[in-house]
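J.: This is the structure, below, for whatever I ask next.
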Amino acid sequence: MPSTKLATTEEDMESSSKLPLHLCHVHKLSIFINRTHIFFHSIALVFLLYYRASFFFFQDTTKTKATTLAWLLVFVSEIFLSFEWLLSQSFRWRPVSRTAFPERLPGDDKLPAVDVFICTADPEKEPTVGVMNTVLSAMAMDYPPEKLHVYLSDDGGAAVTLKGMREAWRFAKWWLPFCRRYGIKCRAPEAYFSAEEEDADFGGSEFIQEREDIKEKYEVFKKRVRENATVGDTRSRLGRDHPAVIEVIQETSSDDAIQENETKSMPLIVYVSREKKHSHPHHFKAGALNVLLRVSGVISNSPYILGLDCDMHCHDPSSARQAMCFHLDPEISPSLALVQFPQKFHNISNNDIYDSQLRSTFWLLWQGFDGVGGPCVSGSGYYIKRLSLRSNSIHEDGDPMKLRQSFGPSNEFIKSLHQNKKPDMLIHRKKALLNEAQLLASCAFENGTEWGKEVGFMYGSVLEDYFTGFRLHCRGWISVYCNPPRPQFLGSGTTNLDDFLVQGTRWTSGLVDVAISKFCPLIYGPLKTYTFVQSMCYAELALFPIFYFLPLWCFATIPQLCLLNGIPLYPEVSNSYFIVFSFVFLSSILKHLYEVLSTGFTFRHWTNEQRIWMMKSVTSHLYGSWDAFMKKIGMREASFFPTNKVDDVEQLKRYNMGVFDFQTSILFLAPMAALVILNMASFAVGISRVIFLGELDKFFIQVFIPFYVILMNYPIIEGMLIRKDRGRIPPSVTLLSAIDPNKRPTAERLLCN
């Protein structure tokens with residue numbers, strides 16, 4: 001009987017090893033719907049553009065210079081939007097989804113090691129307790145602890161962050177065993193103790209008592225971190241020169257209650273603050289990641305890297321194992337660069353008035369991106385192969401001199417390029433390796449090398465993730481997108497309009513940086529990426545800010561001004577081309593509504609997305625594009641400011657109530673208010689023309705456009721005319737936008753502040 005059981009077990013293991021580690025599901029119904037919509041919408045656009053073009057080739061006695069200019073501007077805007085729409089259909093060409101089976105992975109002894117990279121910059125905007133929660137959640141992942149190494153990059157060089165790492169190490173000696181013993185899923189302590197449902201699967205007095213003990217220790221941990229946050233400790237050195245500081249966090253416990261084997265089964269955690277000097281460019285987050293790439297190369301040198309934002313904690317401990325289902329698949333592993341998980345957020349309200357959860361990106365577009373070669377690196381929640389971040393010169397030429405020219409003058413790091421194992425960290429070697437790490441973190445190390453050009457995370461844009469992903473795909477690598485039912489990572493989304501628009505401006509600037517460089521996806525990518533459609537995806541991401549802000553500014557002003565002056569721009573209701581314009585509008589609107597509803601959201605989310613699209617197009621996309629062009633011609637230097645992670649109580653309350661908070665720069669408010677006022681005026685004039693002159697047939701579309709703008713942007717009207725709370729639009733802004741357009745703020749003033 002025992003031999004029979006053994007034989008059965010061996011057969012089960014053998015059959016399990018033959019089963020696939022993951023499956024790819026092609027969404028055939030979505031493909032049919034999308035391609036059918038593309039076909040009919042494209043035909044309608046051809047007729048629409050023909051109608052516009054014919055105006056310039058047929059003689060008309062009513063033509064004037066003003067009429068011709070207005071038609072030309074609208075025509076160009078329609079061409080821009082049509083081309084943008086065409087590029088955006090690349091995401092809808094072949095959507096897929098994936099399922100991973102981590103239970104089919106080989107034993108822990110055969111799993112590869114993982115380095116975790118976490119970046120922070122300013123403890124005032126990114127509170128240390130929150131950052132340490134991310135560190136603790138990474139340490140507590142369901143992965144062999146001896147194969148897990150957590151690195152924190154502190155670009156601010158703040159003492160409170162280093163002290164926080166030491167406190168996190170002490171608390172982890174209690175937290176990690178507790179999570180492993182009871183199979184806790186959410187392993188960020190703050191999130192765990194805030195969620196009562198986590199305890200539903202456990203009972204018994206022993207668990208309850210231990211939970212209370214751990215909670216008390218966590219409160220002590222938070223208190224110590226906050227006590228360390230004195231005025232001197234929290235003052236970030238983000239804008240000041242400071243030397244490199246690297247510390248492997250280790251400390252033996254004097255508490256006998258912790259078992260020796262549990263103390264030993266702790267991942268390695270390392271604090272890294274790179275050297276900063278004003279005389280040397282530091283390349284923002286990409287520069288910090290490249291320092292981590294080098295430092296980790298001589299300390300742990302794991303073949304795979306998990307990139308996390310400092311506020312994006314591990315919500316499920318199985319993400320590493322799910323990622324390995326793809327990285328260890330022999331069919332795709334040789335060409336697979338990264339596995340991307342979606343960014344999801346714990347602080348999003350049901351209404352989500354600012355579209356902070358990025359529904360379109362992570363519920364829709366990235367599935368289509370995956371179907372044509374894979375998504376780009378998306379800032380956080382990705383498992384990337386270390387080898388993919390090295391240039392092809394390692395394989396093509398092993399000449400040490402050429403390697404030093406590419407990777408810098410560190411012999412230890414050059415040796416790590418040819419090693420797939422962890423460097424020797426014995427006592428007599430540890431000090432030497434840490435000294436070498438100091439060199440690798442120096443600001444002058446990259447001088448004359450290929451770092452940021454061909455090696456590591458790419459420079460040239462503040463959006464290092466997008467640019468790096470594009471360059472990887474141009475080298476022949478692929479990526480996959482994995483979106484399990486339970487969120488693997490949860491972060492903090494923006495919950496006020498100011499942070500949202502500032503963040504949007506920064507993202508726009510980074511995307512347009514690439515669009516106007518030699519790496520423009522439309523020029524550089526078509527012959528190099530996995531598929532031509534993948535190049536179209538990258539092109540849409542890079543160009544959509546330009547292709548949105550120009551047409552939307554035009555459609556928010558030109559038809560309205562022409563209506564005020566009695567100049568028709570659109571076909572009359574009795575004209576057959578009226579059907580064409582109506583079809584294009586309804587086709588776009590209804591397709592967007594279908595996508596929102598099919599991803600599990602509501603009509604209210606659709607209206608929110610329409611509104612935010614308009615707001616961002618006339619503000620963030622405008623200023624971000626202007627910033628990129630100014631940098632291109634050398635009139636501005638690149639800048640980066642981390643998004644604020646500290647919640648204002650009043651603003652958060654308004655956000656949860658679904659009320660806009662307009663406490664933001666006048667440079668954002670003035671354009672929105674001015675355009676809404678113009679549309680209100682033109683709509684009033686249009687209604688009077690319809691009533692008193694009977695011109696409904698002639699001006700129906702031009703009356704409908706301002707009506708739609710007013711309807712979608714009612715919160716702006718409410719903020720100007722109705723509300724009296726602190727979150728309203730200041731009357732001075734409303735007055736300025738209404739009466740003196742010459743004194744409205746310019747993009748240059750925003751970018752110089």
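Scheme for the structure tokens: letters A, B, ... for chains in order shown; per-chain residue numbers from 1; ligand numbers from 1 in order shown.
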I want to know what sits within 8 Å of range 438-455 of chain A, based on only C-alpha atoms, with residues of the same chain fewer than 6 positions away left out; could you give that as a PyMOL selection string?

T.: chain A and resi 243-246+273-277+280-282+286-287+290-291+294-295+389-391+404-410

J.: For Val372 in chain A, find every residue with an atom within 10 Å (counting only C-alpha atoms), except residues of its own chain fewer than 2 positions away, and show them as a ChimeraX atom specification.

T.: /A:90-96,367-370,374-375,478-480,529-535,537

J.: Between A:Ala432, A:Ile348, A:Leu336, A:Ala113, which residue has the minimum interatomic distance to Pro303 in chain A, considering only C-alpha atoms?

T.: A:Ala113

J.: Which distance in Å separates CA of Asp155 in chain A and CA of Val272 in chain A, to one decimal?

T.: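 Atom-to-atom, CA of Asp155 in chain A and CA of Val272 in chain A are spaced 8.4 Å apart.
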
J.: CA of Phe668 in chain A and CA of Ile739 in chain A, how far apart in Å?

T.: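 Distance reported for this atom pair: 17.4 Å.
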
J.: Rounded to one decimal, what separation in Å do you get between CA of Leu403 in chain A and CA of Phe284 in chain A?

T.: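 So the two atoms, CA of Leu403 in chain A and CA of Phe284 in chain A, lie 24.8 Å apart.
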
J.: Excluding same-chain residues fewer than 5 positions from Asn656 in chain A, what lies within 9 Å of it counting only C-alpha atoms, as an NGL selection string?

T.: :A and (348-352 or 495 or 651)

J.: Write out the residues from the selection above, keeping N, CA and C atoms, as an mmCIF file, in the first residue's frame.

T.:
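Resulting contents of result37.cif:
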```
data_model
loop_
_atom_site.group_PDB
_atom_site.id
_atom_site.type_symbol
_atom_site.label_atom_id
_atom_site.label_comp_id
_atom_site.auth_asym_id
_atom_site.auth_seq_id
_atom_site.Cartn_x
_atom_site.Cartn_y
_atom_site.Cartn_z
ATOM 1 N N ILE A 348 -9.934 55.027 -3.370
ATOM 2 C CA ILE A 348 -10.801 55.554 -4.423
ATOM 3 C C ILE A 348 -12.252 55.473 -3.973
ATOM 4 N N SER A 349 -12.997 56.568 -4.122
ATOM 5 C CA SER A 349 -14.413 56.580 -3.740
ATOM 6 C C SER A 349 -15.251 55.892 -4.814
ATOM 7 N N ASN A 350 -16.490 55.589 -4.491
ATOM 8 C CA ASN A 350 -17.376 54.940 -5.462
ATOM 9 C C ASN A 350 -17.643 55.827 -6.664
ATOM 10 N N ASN A 351 -17.640 57.130 -6.434
ATOM 11 C CA ASN A 351 -17.906 58.072 -7.528
ATOM 12 C C ASN A 351 -16.659 58.308 -8.379
ATOM 13 N N ASP A 352 -15.492 58.440 -7.745
ATOM 14 C CA ASP A 352 -14.209 58.646 -8.427
ATOM 15 C C ASP A 352 -14.288 59.788 -9.438
ATOM 16 N N THR A 495 -6.616 62.341 -4.829
ATOM 17 C CA THR A 495 -7.978 62.606 -4.366
ATOM 18 C C THR A 495 -8.308 64.089 -4.335
ATOM 19 N N GLN A 651 -10.361 68.220 1.951
ATOM 20 C CA GLN A 651 -10.374 67.827 0.543
ATOM 21 C C GLN A 651 -10.813 66.381 0.387
#
```

J.: Taking only C-alpha atoms into account, which of A:Ala674, A:Lys344, A:Leu561, A:Leu501 comes nearest Trp613 in chain A?

T.: A:Leu501

J.: Run DSSP on the backbone of this structure and report the residues of range 381-605 of chain A it assigns to strand (DSSP E), as a list in words.

T.: Tyr382, Tyr383, Ile384, Lys385, Ile478, Ser479, Val480, Tyr481, Phe489, Leu490 and Gly491 of chain A

J.: Find the residue from A:Thr68, A:Ser588, A:Ser732, A:Ser665 that sits nearest to Leu569 in chain A; use only C-alpha atoms when measuring.

T.: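 Answer, going by the shortest atom-to-atom distance: A:Thr68.
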
J.: Excluding range 381-383 of chain A and its own-chain neighbours fewer than 4 positions away, which residues fall within 12 Å of it when counting only C-alpha atoms? Please give them as number ranges by chain.

T.: A: 113-118, 134, 138, 302-316, 319-327, 336-344, 375-377, 388, 465, 469, 479-483, 487-491

J.: Using only C-alpha atoms, which protein or nucleic acid residues come within 9 Å of Leu111 in chain A? Drop anything in the same chain fewer than 4 positions from it, and give the result as an mmCIF file with N, CA and C atoms, in the first residue's frame.

T.:
```cif
data_model
loop_
_atom_site.group_PDB
_atom_site.id
_atom_site.type_symbol
_atom_site.label_atom_id
_atom_site.label_comp_id
_atom_site.auth_asym_id
_atom_site.auth_seq_id
_atom_site.Cartn_x
_atom_site.Cartn_y
_atom_site.Cartn_z
ATOM 1 N N LEU A 105 4.163 25.632 -9.904
ATOM 2 C CA LEU A 105 5.585 25.977 -9.938
ATOM 3 C C LEU A 105 6.422 24.883 -9.284
ATOM 4 N N PRO A 106 7.698 24.789 -9.635
ATOM 5 C CA PRO A 106 8.583 23.836 -8.954
ATOM 6 C C PRO A 106 8.792 24.234 -7.493
ATOM 7 N N GLY A 107 9.526 23.407 -6.749
ATOM 8 C CA GLY A 107 9.763 23.675 -5.342
ATOM 9 C C GLY A 107 10.537 24.948 -5.101
ATOM 10 N N TYR A 143 7.374 33.984 -0.495
ATOM 11 C CA TYR A 143 8.516 33.627 -1.337
ATOM 12 C C TYR A 143 9.651 33.245 -0.393
ATOM 13 N N PRO A 144 10.530 32.331 -0.800
ATOM 14 C CA PRO A 144 11.636 31.949 0.088
ATOM 15 C C PRO A 144 12.409 33.177 0.567
ATOM 16 N N LYS A 147 15.734 34.195 -0.738
ATOM 17 C CA LYS A 147 15.779 34.594 -2.147
ATOM 18 C C LYS A 147 15.077 35.929 -2.379
ATOM 19 N N ARG A 321 5.209 34.646 -7.117
ATOM 20 C CA ARG A 321 4.973 33.313 -7.673
ATOM 21 C C ARG A 321 4.143 33.398 -8.958
ATOM 22 N N MET A 324 6.428 34.410 -11.705
ATOM 23 C CA MET A 324 7.327 33.329 -12.122
ATOM 24 C C MET A 324 6.632 32.308 -13.021
ATOM 25 N N LEU A 328 9.226 31.606 -15.866
ATOM 26 C CA LEU A 328 9.808 30.264 -15.888
ATOM 27 C C LEU A 328 9.207 29.373 -16.970
#
```

J.: Using the chain letters and numbers from this document, which residues of range 459-595 of chain A does DSSP assign to helix (DSSP H, G or I), as a ChimeraX atom specification?

T.: /A:464-474,497-515,521-524,532-555,558-564,577-595

J.: Go through A:His283, A:Lys163, A:Arg611, A:Lys632 and flag the residue nearest Tyr714 in chain A, using only C-alpha atoms for the distances.

T.: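 When distances to Tyr714 in chain A are compared using only C-alpha atoms, the smallest one comes from A:Arg611.
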